[in-house]
$ cat coords-v4.pdb   # PDB, C-alpha atoms
ATOM      1  CA  MET A 245     -18.055  -4.952  -8.270
ATOM      2  CA  VAL A 246     -15.570  -4.512 -11.113
ATOM      3  CA  LEU A 247     -13.466  -1.419 -11.854
ATOM      4  CA  ILE A 248     -14.025  -0.304 -15.455
ATOM      5  CA  GLY A 249     -12.232   3.047 -15.404
ATOM      6  CA  LYS A 250     -11.611   6.295 -13.581
ATOM      7  CA  SER A 251     -12.617   9.938 -13.996
ATOM      8  CA  LYS A 252     -11.169  13.097 -12.513
ATOM      9  CA  PHE A 253     -13.170  15.725 -10.630
ATOM     10  CA  ASP A 254     -12.357  19.094 -12.246
ATOM     11  CA  GLY A 255     -12.248  22.706 -11.103
ATOM     12  CA  ASN A 256     -15.799  23.261 -12.354
ATOM     13  CA  ARG A 257     -17.018  20.524  -9.988
ATOM     14  CA  ARG A 258     -17.670  18.089 -12.841
ATOM     15  CA  VAL A 259     -16.866  14.446 -13.378
ATOM     16  CA  SER A 260     -16.861  13.041 -16.884
ATOM     17  CA  ILE A 261     -18.191   9.588 -17.715
ATOM     18  CA  ILE A 262     -15.680   7.275 -19.339
ATOM     19  CA  LYS A 263     -16.347   6.246 -22.947
ATOM     20  CA  GLU A 264     -16.937   2.567 -22.122
ATOM     21  CA  LEU A 265     -19.673   3.428 -19.648
ATOM     22  CA  ALA A 266     -21.236   6.065 -21.920
ATOM     23  CA  ASP A 267     -21.355   3.467 -24.701
ATOM     24  CA  LEU A 268     -22.856   0.796 -22.441
ATOM     25  CA  MET A 269     -25.496   3.265 -21.248
ATOM     26  CA  ASP A 270     -26.088   4.436 -24.841
ATOM     27  CA  LEU A 271     -25.609   8.066 -23.810
ATOM     28  CA  ILE A 272     -25.827  10.815 -26.412
ATOM     29  CA  ASP A 273     -25.456  14.574 -26.131
ATOM     30  CA  GLY A 274     -28.321  15.960 -24.081
ATOM     31  CA  ASP A 275     -29.148  12.773 -22.153
ATOM     32  CA  HIS A 276     -29.519  13.082 -18.399
ATOM     33  CA  VAL A 277     -28.072  10.842 -15.721
ATOM     34  CA  GLU A 278     -29.378  10.501 -12.187
ATOM     35  CA  TYR A 279     -27.459   9.792  -9.012
ATOM     36  CA  HIS A 280     -28.623   7.499  -6.214
ATOM     37  CA  ILE A 281     -27.115   6.320  -2.950
ATOM     38  CA  GLU A 282     -27.673   2.702  -1.967
ATOM     39  CA  ASP A 283     -25.880   0.855   0.843
ATOM     40  CA  GLY A 284     -23.262   3.603   1.033
ATOM     41  CA  GLU A 285     -22.464   3.437  -2.698
ATOM     42  CA  VAL A 286     -23.180   6.033  -5.373
ATOM     43  CA  ILE A 287     -25.102   4.710  -8.367
ATOM     44  CA  VAL A 288     -25.212   6.542 -11.701
ATOM     45  CA  ARG A 289     -28.086   5.722 -14.049
ATOM     46  CA  LYS A 290     -29.247   7.043 -17.363
ATOM     47  CA  LEU A 291     -32.603   8.757 -17.012
ATOM     48  CA  THR A 292     -34.848   6.575 -19.170
ATOM     49  CA  THR A 293     -38.504   6.706 -20.151
ATOM     50  CA  LYS A 294     -41.048   4.714 -18.160
ATOM     51  CA  TYR A 295     -43.820   3.479 -20.436
ATOM     52  CA  ALA A 296     -47.436   2.567 -19.650
ATOM     53  CA  GLY A 297     -47.532   0.119 -16.766
ATOM     54  CA  GLY A 298     -44.185   1.429 -15.441
ATOM     55  CA  PHE A 299     -42.112  -0.564 -17.934
ATOM     56  CA  ASP A 300     -38.563   0.683 -18.448
ATOM     57  CA  ILE A 301     -37.487  -1.214 -21.562
ATOM     58  CA  GLU A 302     -34.362   0.865 -22.227
ATOM     59  CA  GLY A 303     -33.331   0.626 -18.566
ATOM     60  CA  GLU A 304     -33.654  -3.166 -18.751
ATOM     61  CA  GLU A 305     -31.489  -3.258 -21.913
ATOM     62  CA  ILE A 306     -28.831  -1.101 -20.259
ATOM     63  CA  LYS A 307     -28.846  -3.269 -17.132
ATOM     64  CA  LYS A 308     -28.348  -6.385 -19.293
ATOM     65  CA  ARG A 309     -25.433  -4.782 -21.204
ATOM     66  CA  LEU A 310     -23.817  -3.684 -17.940
ATOM     67  CA  SER A 311     -24.261  -7.131 -16.378
ATOM     68  CA  ASP A 312     -22.777  -8.840 -19.432
ATOM     69  CA  TYR A 313     -19.832  -6.425 -19.450
ATOM     70  CA  GLU A 314     -19.229  -6.910 -15.727
ATOM     71  CA  GLU A 315     -19.317 -10.679 -16.162
ATOM     72  CA  SER A 316     -16.793 -10.482 -19.006
ATOM     73  CA  LEU A 317     -14.344  -8.636 -16.738
ATOM     74  CA  CYS A 318     -14.646 -10.876 -13.684
ATOM     75  CA  GLY A 319     -11.448 -12.596 -12.718
ATOM     76  CA  GLU A 320      -9.161 -10.242 -14.661
ATOM     77  CA  SER A 321      -7.520  -8.629 -11.620
ATOM     78  CA  PRO A 322      -4.964 -10.892  -9.902
ATOM     79  CA  GLU A 323      -4.818 -11.100  -6.116
ATOM     80  CA  GLU A 324      -1.881  -9.128  -4.713
ATOM     81  CA  PHE A 325      -1.915 -10.890  -1.360
ATOM     82  CA  ALA A 326      -2.745 -14.461  -0.499
ATOM     83  CA  ASP A 327      -3.572 -13.471   3.095
ATOM     84  CA  PRO A 328      -6.624 -11.159   3.351
ATOM     85  CA  ASP A 329      -5.464  -9.808   6.734
ATOM     86  CA  GLU A 330      -2.091  -8.849   5.261
ATOM     87  CA  ALA A 331      -3.817  -7.191   2.309
ATOM     88  CA  TYR A 332      -6.115  -5.217   4.624
ATOM     89  CA  LYS A 333      -3.201  -4.053   6.776
ATOM     90  CA  PHE A 334      -1.309  -2.889   3.684
ATOM     91  CA  ALA A 335      -4.403  -1.141   2.324
ATOM     92  CA  LYS A 336      -4.970   0.693   5.627
ATOM     93  CA  GLU A 337      -1.345   1.916   5.610
ATOM     94  CA  GLN A 338      -1.647   3.130   2.023
ATOM     95  CA  TYR A 339      -4.957   4.830   2.805
ATOM     96  CA  ALA A 340      -3.436   6.693   5.769
ATOM     97  CA  LYS A 341      -0.632   7.998   3.538
ATOM     98  CA  ASP A 342      -3.025   8.976   0.768
ATOM     99  CA  LYS A 343      -5.375  10.700   3.216
ATOM    100  CA  ALA A 344      -2.547  12.748   4.739
ATOM    101  CA  ALA A 345      -1.324  13.796   1.291
ATOM    102  CA  ARG A 346      -4.844  14.742   0.243
ATOM    103  CA  GLN A 347      -5.347  16.875   3.361
ATOM    104  CA  LEU A 348      -2.100  18.744   2.621
ATOM    105  CA  LEU A 349      -3.190  19.317  -0.966
ATOM    106  CA  LYS A 350      -6.585  20.550   0.183
ATOM    107  CA  LYS A 351      -4.946  23.072   2.549
ATOM    108  CA  GLU A 352      -2.721  24.316  -0.279
ATOM    109  CA  MET A 353      -5.728  24.738  -2.562
ATOM    110  CA  GLU A 354      -7.614  26.686   0.119
ATOM    111  CA  LYS A 355      -4.716  29.180   0.348
ATOM    112  CA  LYS A 356      -5.145  30.139  -3.325
TER     113      LYS A 356
END
$ encode --input "coords-v4.pdb" --output "structure tokens"
Amino acid sequence: MVLIGKSKFDGNRRVSIIKELADLMDLIDGDHVEYHIEDGEVIVRKLTTKYAGGFDIEGEEIKKRLSDYEESLCGESPEEFADPDEAYKFAKEQYAKDKAARQLLKKEMEKK
């Protein structure tokens, strides 16, 4: 799994799709995306046409573009920690801080 960008959830309960992903999925105004859950992960796919025999030619093209893009990005993020246990411990500490801050923010937003 490779990080390609981030989006922000807005007050209208929407998340925008970053330009790189929209381009890779060949999205245009009016296209639909579908959401799936698989192995605890959310998957976003462009809703594509299934042709006679169940063939999804556009879906196959998109999958190939995404795979090629993912492959081109592999290895770009340097390891912060040589020891995986040390990295996990640090990540857990950061998560606890972030979670506490998020809960405070959520309480403040509920007051409004």
$ atom_distance --input "coords-v4.pdb" --atom1 "CA of Lys307 (chain A)" --atom2 "CA of Tyr279 (chain A)"
15.4 Å
$ atom_distance --input "coords-v4.pdb" --atom1 "CA of Asp329 (chain A)" --atom2 "CA of Gly284 (chain A)"
23.0 Å
$ closest_residue --input "coords-v4.pdb" --among "A:Ile261, A:Cys318, A:Ala345, A:Ala326" --to "Lys290 (chain A)" --atoms "only C-alpha atoms"
A:Ile261
$ residues_near_point --input "coords-v4.pdb" --point "(-31.0, -0.5, -21.1)" --cutoff "12 Å" --atoms "all atoms listed in the file" --output "list in words"
Ala266, Asp267, Leu268, Met269, Asp270, Leu271, Arg289, Lys290, Leu291, Thr292, Thr293, Lys294, Phe299, Asp300, Ile301, Glu302, Gly303, Glu304, Glu305, Ile306, Lys307, Lys308, Arg309, Leu310, Ser311 and Asp312 of chain A
$ write_last_selection --input "coords-v4.pdb" --atoms "C-alpha atoms" --output "short mmCIF file (atom, residue, chain, number, x, y, z; two decimals), keeping the file's coordinate frame"
data_model
loop_
_atom_site.label_atom_id
_atom_site.label_comp_id
_atom_site.auth_asym_id
_atom_site.auth_seq_id
_atom_site.Cartn_x
_atom_site.Cartn_y
_atom_site.Cartn_z
CA ALA A 266 -21.24 6.06 -21.92
CA ASP A 267 -21.36 3.47 -24.70
CA LEU A 268 -22.86 0.80 -22.44
CA MET A 269 -25.50 3.26 -21.25
CA ASP A 270 -26.09 4.44 -24.84
CA LEU A 271 -25.61 8.07 -23.81
CA ARG A 289 -28.09 5.72 -14.05
CA LYS A 290 -29.25 7.04 -17.36
CA LEU A 291 -32.60 8.76 -17.01
CA THR A 292 -34.85 6.58 -19.17
CA THR A 293 -38.50 6.71 -20.15
CA LYS A 294 -41.05 4.71 -18.16
CA PHE A 299 -42.11 -0.56 -17.93
CA ASP A 300 -38.56 0.68 -18.45
CA ILE A 301 -37.49 -1.21 -21.56
CA GLU A 302 -34.36 0.86 -22.23
CA GLY A 303 -33.33 0.63 -18.57
CA GLU A 304 -33.65 -3.17 -18.75
CA GLU A 305 -31.49 -3.26 -21.91
CA ILE A 306 -28.83 -1.10 -20.26
CA LYS A 307 -28.85 -3.27 -17.13
CA LYS A 308 -28.35 -6.38 -19.29
CA ARG A 309 -25.43 -4.78 -21.20
CA LEU A 310 -23.82 -3.68 -17.94
CA SER A 311 -24.26 -7.13 -16.38
CA ASP A 312 -22.78 -8.84 -19.43
#
$ atom_distance --input "coords-v4.pdb" --atom1 "CA of Met353 (chain A)" --atom2 "CA of Val277 (chain A)"
29.4 Å
$ axis_aligned_box --input "coords-v4.pdb" --around "region 344-352 of chain A" --padding-each-side "8 Å" --output "lines of an AutoDock Vina configuration file"
center_x = -4.0
center_y = 18.5
center_z = 1.9
size_x = 21.3
size_y = 27.6
size_z = 21.7
